[in-house]
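Asks: Dropping in input13.cif, which is mmCIF, N, CA and C atoms:
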```cif
data_data
loop_
_atom_site.label_atom_id
_atom_site.label_comp_id
_atom_site.auth_asym_id
_atom_site.auth_seq_id
_atom_site.Cartn_x
_atom_site.Cartn_y
_atom_site.Cartn_z
N MET A 25 92.63 149.82 75.77
CA MET A 25 92.15 148.64 75.11
C MET A 25 91.54 147.71 76.16
N ALA A 26 90.33 147.28 75.98
CA ALA A 26 89.60 146.44 76.92
C ALA A 26 89.95 144.98 76.67
N VAL A 27 90.09 144.25 77.76
CA VAL A 27 90.40 142.83 77.67
C VAL A 27 89.09 142.06 77.84
N ARG A 28 88.83 141.18 76.90
CA ARG A 28 87.60 140.39 76.97
C ARG A 28 87.86 139.13 77.79
N ARG A 29 86.89 138.81 78.59
CA ARG A 29 87.00 137.60 79.41
C ARG A 29 85.95 136.60 78.98
N ASP A 30 86.30 135.39 79.09
CA ASP A 30 85.36 134.32 78.76
C ASP A 30 84.35 134.20 79.89
N PRO A 31 83.04 134.27 79.61
CA PRO A 31 82.04 134.20 80.68
C PRO A 31 82.11 132.89 81.48
N ALA A 32 82.50 131.81 80.86
CA ALA A 32 82.59 130.53 81.56
C ALA A 32 83.67 130.58 82.64
N SER A 33 84.81 131.22 82.35
CA SER A 33 85.88 131.29 83.34
C SER A 33 85.50 132.22 84.49
N ALA A 34 84.68 133.24 84.21
CA ALA A 34 84.22 134.13 85.27
C ALA A 34 83.30 133.38 86.23
N GLU A 35 82.48 132.47 85.72
CA GLU A 35 81.60 131.69 86.58
C GLU A 35 82.40 130.74 87.45
N GLN A 36 83.45 130.13 86.88
CA GLN A 36 84.28 129.22 87.64
C GLN A 36 85.01 129.96 88.75
N ALA A 37 85.45 131.16 88.49
CA ALA A 37 86.19 131.93 89.48
C ALA A 37 85.30 132.34 90.64
N SER A 38 84.01 132.57 90.39
CA SER A 38 83.12 133.01 91.46
C SER A 38 82.67 131.85 92.35
N GLN A 39 82.76 130.61 91.87
CA GLN A 39 82.35 129.46 92.67
C GLN A 39 83.48 129.07 93.63
N PRO A 40 83.12 128.66 94.84
CA PRO A 40 84.17 128.24 95.77
C PRO A 40 84.84 126.97 95.27
N LEU A 41 86.11 126.82 95.64
CA LEU A 41 86.87 125.66 95.22
C LEU A 41 86.36 124.41 95.93
N ALA A 42 86.27 123.34 95.19
CA ALA A 42 85.84 122.07 95.78
C ALA A 42 86.99 121.51 96.60
N PRO A 43 86.69 120.78 97.66
CA PRO A 43 87.78 120.20 98.45
C PRO A 43 88.57 119.22 97.60
N PRO A 44 89.87 119.16 97.80
CA PRO A 44 90.70 118.28 96.97
C PRO A 44 90.43 116.81 97.30
N ASP A 45 90.62 115.94 96.30
CA ASP A 45 90.46 114.52 96.55
C ASP A 45 91.80 113.87 96.90
N ALA A 46 92.90 114.60 96.71
CA ALA A 46 94.23 114.11 97.06
C ALA A 46 95.11 115.30 97.43
N VAL A 47 96.01 115.07 98.39
CA VAL A 47 96.89 116.14 98.89
C VAL A 47 98.29 115.56 99.06
N ARG A 48 99.29 116.42 98.95
CA ARG A 48 100.68 115.99 99.19
C ARG A 48 100.81 115.40 100.59
N LEU A 49 101.64 114.38 100.72
CA LEU A 49 101.82 113.69 101.99
C LEU A 49 102.35 114.63 103.07
N ASP A 50 103.36 115.43 102.75
CA ASP A 50 103.92 116.33 103.77
C ASP A 50 102.90 117.37 104.22
N ARG A 51 102.09 117.86 103.30
CA ARG A 51 101.06 118.85 103.65
C ARG A 51 99.97 118.22 104.52
N TRP A 52 99.58 116.97 104.22
CA TRP A 52 98.55 116.31 105.00
C TRP A 52 99.06 116.04 106.42
N LEU A 53 100.30 115.59 106.56
CA LEU A 53 100.86 115.34 107.89
C LEU A 53 100.91 116.62 108.72
N TRP A 54 101.22 117.73 108.08
CA TRP A 54 101.22 119.03 108.75
C TRP A 54 99.80 119.43 109.15
N ALA A 55 98.84 119.26 108.24
CA ALA A 55 97.46 119.64 108.51
C ALA A 55 96.85 118.75 109.60
N ALA A 56 97.27 117.48 109.67
CA ALA A 56 96.77 116.56 110.68
C ALA A 56 97.52 116.70 112.01
N ARG A 57 98.44 117.65 112.07
CA ARG A 57 99.17 118.02 113.28
C ARG A 57 100.09 116.92 113.81
N PHE A 58 100.67 116.14 112.92
CA PHE A 58 101.71 115.21 113.34
C PHE A 58 103.04 115.93 113.46
N PHE A 59 103.22 117.02 112.71
CA PHE A 59 104.44 117.82 112.73
C PHE A 59 104.08 119.29 112.79
N LYS A 60 104.94 120.09 113.44
CA LYS A 60 104.65 121.51 113.62
C LYS A 60 104.79 122.32 112.33
N THR A 61 105.71 121.91 111.46
CA THR A 61 105.91 122.64 110.21
C THR A 61 105.90 121.66 109.04
N ARG A 62 105.65 122.19 107.87
CA ARG A 62 105.70 121.34 106.67
C ARG A 62 107.11 120.87 106.40
N GLY A 63 108.08 121.72 106.74
CA GLY A 63 109.48 121.33 106.55
C GLY A 63 109.84 120.11 107.39
N LEU A 64 109.39 120.08 108.64
CA LEU A 64 109.65 118.92 109.49
C LEU A 64 108.95 117.68 108.95
N ALA A 65 107.74 117.86 108.44
CA ALA A 65 107.01 116.74 107.85
C ALA A 65 107.75 116.20 106.63
N ALA A 66 108.24 117.10 105.79
CA ALA A 66 108.98 116.68 104.59
C ALA A 66 110.27 115.95 104.96
N GLN A 67 110.96 116.44 106.01
CA GLN A 67 112.19 115.76 106.46
C GLN A 67 111.89 114.36 106.97
N ALA A 68 110.80 114.22 107.71
CA ALA A 68 110.43 112.91 108.24
C ALA A 68 110.10 111.94 107.11
N VAL A 69 109.37 112.41 106.12
CA VAL A 69 109.01 111.54 104.99
C VAL A 69 110.27 111.16 104.22
N ALA A 70 111.13 112.13 103.94
CA ALA A 70 112.36 111.86 103.19
C ALA A 70 113.29 110.95 103.99
N GLY A 71 113.24 111.04 105.32
CA GLY A 71 114.09 110.21 106.17
C GLY A 71 113.55 108.82 106.41
N GLY A 72 112.43 108.47 105.83
CA GLY A 72 111.88 107.12 105.96
C GLY A 72 111.05 106.91 107.21
N LYS A 73 110.64 107.97 107.89
CA LYS A 73 109.84 107.84 109.11
C LYS A 73 108.36 107.64 108.81
N VAL A 74 107.97 107.77 107.54
CA VAL A 74 106.57 107.65 107.16
C VAL A 74 106.45 106.62 106.04
N GLN A 75 105.50 105.69 106.20
CA GLN A 75 105.21 104.71 105.15
C GLN A 75 103.78 104.90 104.70
N LEU A 76 103.58 104.88 103.40
CA LEU A 76 102.26 105.02 102.80
C LEU A 76 101.89 103.69 102.17
N ASN A 77 100.83 103.07 102.66
CA ASN A 77 100.38 101.75 102.18
C ASN A 77 101.50 100.72 102.21
N GLY A 78 102.30 100.75 103.28
CA GLY A 78 103.35 99.75 103.48
C GLY A 78 104.65 100.02 102.75
N ALA A 79 104.75 101.11 102.00
CA ALA A 79 105.97 101.41 101.25
C ALA A 79 106.49 102.80 101.62
N ARG A 80 107.78 102.96 101.49
CA ARG A 80 108.38 104.27 101.75
C ARG A 80 107.90 105.25 100.67
N ALA A 81 107.64 106.48 101.06
CA ALA A 81 107.09 107.46 100.12
C ALA A 81 107.94 108.72 100.10
N LYS A 82 107.71 109.54 99.09
CA LYS A 82 108.35 110.84 98.98
C LYS A 82 107.38 111.91 99.47
N PRO A 83 107.90 113.10 99.86
CA PRO A 83 107.01 114.14 100.39
C PRO A 83 105.89 114.56 99.45
N ALA A 84 106.11 114.48 98.14
CA ALA A 84 105.10 114.95 97.18
C ALA A 84 104.09 113.86 96.79
N LYS A 85 104.22 112.68 97.36
CA LYS A 85 103.26 111.60 97.06
C LYS A 85 101.87 112.02 97.49
N LEU A 86 100.87 111.73 96.67
CA LEU A 86 99.50 112.14 96.96
C LEU A 86 98.82 111.16 97.92
N VAL A 87 98.14 111.72 98.91
CA VAL A 87 97.41 110.94 99.90
C VAL A 87 95.92 111.07 99.60
N ARG A 88 95.22 109.94 99.64
CA ARG A 88 93.78 109.93 99.38
C ARG A 88 93.08 109.26 100.55
N PRO A 89 91.79 109.54 100.75
CA PRO A 89 91.06 108.85 101.81
C PRO A 89 91.11 107.34 101.60
N GLY A 90 91.31 106.61 102.70
CA GLY A 90 91.43 105.16 102.63
C GLY A 90 92.86 104.67 102.66
N ASP A 91 93.84 105.55 102.45
CA ASP A 91 95.25 105.16 102.48
C ASP A 91 95.67 104.82 103.90
N ALA A 92 96.56 103.84 104.02
CA ALA A 92 97.11 103.45 105.33
C ALA A 92 98.47 104.11 105.50
N LEU A 93 98.66 104.75 106.65
CA LEU A 93 99.92 105.42 106.95
C LEU A 93 100.51 104.85 108.23
N ARG A 94 101.83 104.79 108.25
CA ARG A 94 102.56 104.47 109.48
C ARG A 94 103.53 105.62 109.69
N VAL A 95 103.33 106.36 110.77
CA VAL A 95 104.10 107.57 111.04
C VAL A 95 104.88 107.36 112.33
N ARG A 96 106.18 107.56 112.26
CA ARG A 96 107.03 107.45 113.46
C ARG A 96 107.38 108.86 113.92
N VAL A 97 106.89 109.23 115.12
CA VAL A 97 107.17 110.53 115.71
C VAL A 97 107.87 110.26 117.03
N GLY A 98 109.17 110.52 117.07
CA GLY A 98 109.95 110.20 118.26
C GLY A 98 109.96 108.69 118.45
N PRO A 99 109.72 108.22 119.67
CA PRO A 99 109.71 106.76 119.90
C PRO A 99 108.37 106.11 119.57
N TYR A 100 107.38 106.90 119.18
CA TYR A 100 106.03 106.38 119.00
C TYR A 100 105.70 106.13 117.54
N ASP A 101 104.98 105.01 117.29
CA ASP A 101 104.50 104.65 115.95
C ASP A 101 103.00 104.87 115.90
N TRP A 102 102.54 105.63 114.92
CA TRP A 102 101.12 105.85 114.69
C TRP A 102 100.73 105.03 113.47
N MET A 103 99.77 104.12 113.62
CA MET A 103 99.25 103.36 112.49
C MET A 103 97.83 103.86 112.24
N ILE A 104 97.67 104.59 111.14
CA ILE A 104 96.41 105.29 110.90
C ILE A 104 95.88 105.02 109.50
N THR A 105 94.60 105.31 109.32
CA THR A 105 93.94 105.27 108.02
C THR A 105 93.40 106.66 107.75
N VAL A 106 93.68 107.19 106.57
CA VAL A 106 93.25 108.53 106.21
C VAL A 106 91.74 108.52 105.98
N ARG A 107 91.02 109.41 106.68
CA ARG A 107 89.57 109.53 106.50
C ARG A 107 89.22 110.67 105.57
N ALA A 108 89.96 111.76 105.66
CA ALA A 108 89.68 112.94 104.84
C ALA A 108 91.00 113.65 104.54
N VAL A 109 90.99 114.47 103.50
CA VAL A 109 92.18 115.25 103.15
C VAL A 109 91.83 116.73 103.16
N THR A 110 92.82 117.53 103.51
CA THR A 110 92.67 118.98 103.49
C THR A 110 94.04 119.60 103.30
N GLU A 111 94.05 120.80 102.75
CA GLU A 111 95.31 121.51 102.56
C GLU A 111 95.51 122.56 103.65
N ARG A 112 94.49 122.76 104.49
CA ARG A 112 94.58 123.78 105.53
C ARG A 112 94.73 123.13 106.90
N ARG A 113 95.53 123.76 107.71
CA ARG A 113 95.73 123.29 109.07
C ARG A 113 94.66 123.91 109.96
N GLY A 114 93.94 123.07 110.67
CA GLY A 114 92.88 123.56 111.55
C GLY A 114 93.21 123.29 113.00
N SER A 115 92.21 123.30 113.83
CA SER A 115 92.40 123.04 115.26
C SER A 115 92.74 121.57 115.47
N ALA A 116 93.19 121.26 116.67
CA ALA A 116 93.53 119.88 117.00
C ALA A 116 92.29 118.99 116.91
N ARG A 117 91.16 119.52 117.27
CA ARG A 117 89.91 118.75 117.18
C ARG A 117 89.59 118.43 115.72
N ASP A 118 89.78 119.40 114.83
CA ASP A 118 89.55 119.16 113.39
C ASP A 118 90.57 118.18 112.83
N ALA A 119 91.80 118.26 113.32
CA ALA A 119 92.86 117.38 112.82
C ALA A 119 92.57 115.92 113.14
N GLN A 120 91.97 115.65 114.30
CA GLN A 120 91.66 114.27 114.67
C GLN A 120 90.59 113.66 113.77
N LEU A 121 89.80 114.49 113.11
CA LEU A 121 88.77 113.99 112.21
C LEU A 121 89.35 113.55 110.86
N LEU A 122 90.62 113.86 110.61
CA LEU A 122 91.23 113.52 109.33
C LEU A 122 91.70 112.07 109.25
N TYR A 123 91.77 111.37 110.40
CA TYR A 123 92.30 110.01 110.37
C TYR A 123 91.63 109.15 111.43
N ASP A 124 91.74 107.83 111.24
CA ASP A 124 91.33 106.83 112.23
C ASP A 124 92.57 106.07 112.64
N GLU A 125 92.75 105.91 113.92
CA GLU A 125 93.92 105.16 114.40
C GLU A 125 93.51 103.72 114.68
N SER A 126 94.38 102.78 114.33
CA SER A 126 94.07 101.37 114.58
C SER A 126 94.17 101.09 116.08
N GLY A 127 93.37 100.16 116.54
CA GLY A 127 93.35 99.82 117.96
C GLY A 127 94.66 99.25 118.45
N GLU A 128 95.27 98.38 117.65
CA GLU A 128 96.55 97.78 118.07
C GLU A 128 97.66 98.83 118.11
N GLY A 129 97.64 99.79 117.19
CA GLY A 129 98.64 100.86 117.21
C GLY A 129 98.50 101.74 118.44
N ARG A 130 97.26 102.05 118.79
CA ARG A 130 97.01 102.88 119.98
C ARG A 130 97.45 102.14 121.24
N ALA A 131 97.14 100.85 121.33
CA ALA A 131 97.52 100.07 122.51
C ALA A 131 99.04 100.00 122.64
N ALA A 132 99.74 99.77 121.54
CA ALA A 132 101.21 99.69 121.58
C ALA A 132 101.80 101.04 121.99
N ARG A 133 101.24 102.12 121.48
CA ARG A 133 101.75 103.45 121.82
C ARG A 133 101.51 103.77 123.30
N GLU A 134 100.35 103.39 123.81
CA GLU A 134 100.05 103.63 125.22
C GLU A 134 100.93 102.78 126.14
N ARG A 135 101.23 101.54 125.73
CA ARG A 135 102.14 100.69 126.51
C ARG A 135 103.53 101.32 126.57
N LEU A 136 104.01 101.82 125.45
CA LEU A 136 105.34 102.43 125.41
C LEU A 136 105.37 103.71 126.26
N ALA A 137 104.30 104.48 126.23
CA ALA A 137 104.24 105.69 127.06
C ALA A 137 104.26 105.32 128.54
N GLU A 138 103.57 104.25 128.90
CA GLU A 138 103.56 103.79 130.30
C GLU A 138 104.96 103.33 130.72
N GLN A 139 105.67 102.64 129.83
CA GLN A 139 107.03 102.20 130.14
C GLN A 139 107.95 103.39 130.34
N HIS A 140 107.76 104.43 129.54
CA HIS A 140 108.59 105.63 129.69
C HIS A 140 108.31 106.32 131.02
N LYS A 141 107.06 106.29 131.49
CA LYS A 141 106.74 106.90 132.78
C LYS A 141 107.36 106.13 133.93
N ILE A 142 107.39 104.80 133.82
CA ILE A 142 107.92 103.95 134.88
C ILE A 142 109.44 103.98 134.91
N ALA A 143 110.08 104.11 133.77
CA ALA A 143 111.55 104.07 133.67
C ALA A 143 112.17 105.18 134.52
N PRO A 144 113.28 104.87 135.19
CA PRO A 144 113.93 105.89 136.02
C PRO A 144 114.54 106.99 135.15
N ALA A 145 114.57 108.18 135.70
CA ALA A 145 115.15 109.31 134.99
C ALA A 145 116.67 109.16 134.99
N PRO A 146 117.34 109.57 133.92
CA PRO A 146 118.80 109.48 133.89
C PRO A 146 119.40 110.36 134.99
N THR A 147 120.44 109.85 135.63
CA THR A 147 121.06 110.59 136.73
C THR A 147 122.44 111.07 136.33
N TYR A 148 122.91 112.09 137.02
CA TYR A 148 124.24 112.65 136.79
C TYR A 148 125.27 111.73 137.42
N ARG A 149 126.30 111.37 136.69
CA ARG A 149 127.30 110.42 137.18
C ARG A 149 128.63 111.09 137.51
N GLY A 150 128.64 112.38 137.62
CA GLY A 150 129.86 113.05 138.02
C GLY A 150 130.85 113.30 136.90
N LYS A 151 130.43 113.13 135.68
CA LYS A 151 131.34 113.37 134.55
C LYS A 151 131.29 114.84 134.19
N GLY A 152 132.26 115.27 133.46
CA GLY A 152 132.26 116.65 132.99
C GLY A 152 133.30 117.49 133.73
N ARG A 153 133.11 118.74 133.73
CA ARG A 153 134.06 119.69 134.30
C ARG A 153 134.06 119.59 135.82
N PRO A 154 135.26 119.57 136.44
CA PRO A 154 135.32 119.48 137.90
C PRO A 154 134.85 120.78 138.56
N THR A 155 134.33 120.63 139.78
CA THR A 155 133.92 121.80 140.53
C THR A 155 135.17 122.49 141.10
N LYS A 156 134.98 123.64 141.70
CA LYS A 156 136.10 124.39 142.27
C LYS A 156 136.77 123.56 143.38
N LYS A 157 135.96 122.92 144.20
CA LYS A 157 136.50 122.10 145.28
C LYS A 157 137.31 120.93 144.73
N GLU A 158 136.77 120.24 143.71
CA GLU A 158 137.48 119.11 143.11
C GLU A 158 138.77 119.57 142.44
N ARG A 159 138.74 120.74 141.83
CA ARG A 159 139.93 121.27 141.17
C ARG A 159 141.03 121.55 142.19
N ARG A 160 140.66 122.10 143.34
CA ARG A 160 141.65 122.38 144.39
C ARG A 160 142.24 121.09 144.94
N GLU A 161 141.40 120.04 145.09
CA GLU A 161 141.90 118.75 145.56
C GLU A 161 142.88 118.15 144.55
N LEU A 162 142.55 118.25 143.28
CA LEU A 162 143.46 117.75 142.23
C LEU A 162 144.78 118.51 142.26
N GLN A 163 144.71 119.82 142.42
CA GLN A 163 145.92 120.64 142.47
C GLN A 163 146.78 120.27 143.68
N ARG A 164 146.11 120.05 144.82
CA ARG A 164 146.83 119.67 146.05
C ARG A 164 147.52 118.32 145.85
N LEU A 165 146.86 117.33 145.24
CA LEU A 165 147.46 116.04 144.98
C LEU A 165 148.65 116.15 144.03
N GLU A 166 148.51 116.97 143.00
CA GLU A 166 149.62 117.15 142.04
C GLU A 166 150.83 117.80 142.71
N ASP A 167 150.57 118.75 143.62
CA ASP A 167 151.66 119.43 144.31
C ASP A 167 152.39 118.48 145.26
N GLU A 168 151.65 117.58 145.92
CA GLU A 168 152.26 116.61 146.85
C GLU A 168 153.12 115.62 146.09
N GLU A 169 152.71 115.19 144.92
CA GLU A 169 153.43 114.21 144.13
C GLU A 169 154.68 114.80 143.49
N GLY A 170 154.57 116.03 143.08
CA GLY A 170 155.66 116.59 142.28
C GLY A 170 156.46 117.57 142.97
#
```
Turn this file's structure into structure tokens for me.

Replies:
Amino acid sequence: MAVRRDPASAEQASQPLAPPDAVRLDRWLWAARFFKTRGLAAQAVAGGKVQLNGARAKPAKLVRPGDALRVRVGPYDWMITVRAVTERRGSARDAQLLYDESGEGRAARERLAEQHKIAPAPTYRGKGRPTKKERRELQRLEDEEG
């Protein structure tokens, strides 16, 4: 038995899909390379690390061009405006074309990065498990006392 197809649906199937006008927030963050996986992007959004137009959003919230985002990645705050949306992750060069960063946000992020470079590295303070030499000294002291 032959299945009849509607000619109009066959024409739609042969045409390439138009780019979306809105995309899920977690998918856009992944495509714009703010996070390595969509799961990490969804966790960040659910954890309140991402604000859409000044308000906390859910991972499935739709992002459109012109939306303002504030993304916290580690100690850094990105204040960006969405320029384009896509569902596919591309190269880093393509990802930078998806958003515009505000000048004040970039300056604040660069200042914080400079402070992190200047800050001294944490040093070891001798805590933790004793070395063999320290253990022998402790044993010797305990033997003398007792």

Asks: On this structure, the PyMOL selection byres ((chain A and resi 129-135) around 8) would catch which residues? List them as a PDB file with N, CA and C atoms, in the frame of the given file, sorted by chain and number.

Replies:
```pdb
ATOM      1  N   PRO A  99     109.720 108.220 119.670  1.00  0.00           N
ATOM      2  CA  PRO A  99     109.710 106.760 119.900  1.00  0.00           C
ATOM      3  C   PRO A  99     108.370 106.110 119.570  1.00  0.00           C
ATOM      4  N   TYR A 100     107.380 106.900 119.180  1.00  0.00           N
ATOM      5  CA  TYR A 100     106.030 106.380 119.000  1.00  0.00           C
ATOM      6  C   TYR A 100     105.700 106.130 117.540  1.00  0.00           C
ATOM      7  N   ASP A 101     104.980 105.010 117.290  1.00  0.00           N
ATOM      8  CA  ASP A 101     104.500 104.650 115.950  1.00  0.00           C
ATOM      9  C   ASP A 101     103.000 104.870 115.900  1.00  0.00           C
ATOM     10  N   TRP A 102     102.540 105.630 114.920  1.00  0.00           N
ATOM     11  CA  TRP A 102     101.120 105.850 114.690  1.00  0.00           C
ATOM     12  C   TRP A 102     100.730 105.030 113.470  1.00  0.00           C
ATOM     13  N   MET A 103      99.770 104.120 113.620  1.00  0.00           N
ATOM     14  CA  MET A 103      99.250 103.360 112.490  1.00  0.00           C
ATOM     15  C   MET A 103      97.830 103.860 112.240  1.00  0.00           C
ATOM     16  N   ILE A 104      97.670 104.590 111.140  1.00  0.00           N
ATOM     17  CA  ILE A 104      96.410 105.290 110.900  1.00  0.00           C
ATOM     18  C   ILE A 104      95.880 105.020 109.500  1.00  0.00           C
ATOM     19  N   GLU A 125      92.750 105.910 113.920  1.00  0.00           N
ATOM     20  CA  GLU A 125      93.920 105.160 114.400  1.00  0.00           C
ATOM     21  C   GLU A 125      93.510 103.720 114.680  1.00  0.00           C
ATOM     22  N   SER A 126      94.380 102.780 114.330  1.00  0.00           N
ATOM     23  CA  SER A 126      94.070 101.370 114.580  1.00  0.00           C
ATOM     24  C   SER A 126      94.170 101.090 116.080  1.00  0.00           C
ATOM     25  N   GLY A 127      93.370 100.160 116.540  1.00  0.00           N
ATOM     26  CA  GLY A 127      93.350  99.820 117.960  1.00  0.00           C
ATOM     27  C   GLY A 127      94.660  99.250 118.450  1.00  0.00           C
ATOM     28  N   GLU A 128      95.270  98.380 117.650  1.00  0.00           N
ATOM     29  CA  GLU A 128      96.550  97.780 118.070  1.00  0.00           C
ATOM     30  C   GLU A 128      97.660  98.830 118.110  1.00  0.00           C
ATOM     31  N   LEU A 136     104.010 101.820 125.450  1.00  0.00           N
ATOM     32  CA  LEU A 136     105.340 102.430 125.410  1.00  0.00           C
ATOM     33  C   LEU A 136     105.370 103.710 126.260  1.00  0.00           C
ATOM     34  N   ALA A 137     104.300 104.480 126.230  1.00  0.00           N
ATOM     35  CA  ALA A 137     104.240 105.690 127.060  1.00  0.00           C
ATOM     36  C   ALA A 137     104.260 105.320 128.540  1.00  0.00           C
ATOM     37  N   GLU A 138     103.570 104.250 128.900  1.00  0.00           N
ATOM     38  CA  GLU A 138     103.560 103.790 130.300  1.00  0.00           C
ATOM     39  C   GLU A 138     104.960 103.330 130.720  1.00  0.00           C
ATOM     40  N   GLN A 139     105.670 102.640 129.830  1.00  0.00           N
ATOM     41  CA  GLN A 139     107.030 102.200 130.140  1.00  0.00           C
ATOM     42  C   GLN A 139     107.950 103.390 130.340  1.00  0.00           C
ATOM     43  N   HIS A 140     107.760 104.430 129.540  1.00  0.00           N
ATOM     44  CA  HIS A 140     108.590 105.630 129.690  1.00  0.00           C
ATOM     45  C   HIS A 140     108.310 106.320 131.020  1.00  0.00           C
ATOM     46  N   LYS A 141     107.060 106.290 131.490  1.00  0.00           N
ATOM     47  CA  LYS A 141     106.740 106.900 132.780  1.00  0.00           C
ATOM     48  C   LYS A 141     107.360 106.130 133.930  1.00  0.00           C
TER      49      LYS A 141
END
```

Asks: Convert the output of the PyMOL selection byres ((chain A and resi 66-73) around 8) on the shown file into explicit residues, formatted as a list of chain:residue names.

Replies: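 Selected by the PyMOL selection byres ((chain A and resi 66-73) around 8) here: A:Leu49, A:Asp50, A:Arg51, A:Leu53, A:Trp54, A:Phe59, A:Thr61, A:Arg62, A:Gly63, A:Leu64, A:Ala65, A:Val74, A:Gln75, A:Leu76, A:Arg80, A:Ala81, A:Lys82, A:Pro83, A:Ala84, A:Arg94, A:Val95, A:Arg96, A:Val97.
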
Asks: Can you list every residue in stretch 86-127 of chain A that DSSP puts in alpha helix (DSSP H), as a list in words?

Replies: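 These are the residues in question: Ala116, Arg117, Asp118, Ala119, Gln120 and Gly127 of chain A.
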
Asks: Could you jot down the atom N of A:Lys60 to atom C of A:Leu93 separation for me, Å, one decimal place?

Replies: 16.7 Å

Asks: Can you translate the PyMOL selection byres ((chain A and resi 108) around 5) into the concrete residues it hits in this file, as a ChimeraX atom specification?

Replies: /A:89,106-107,109-110,122
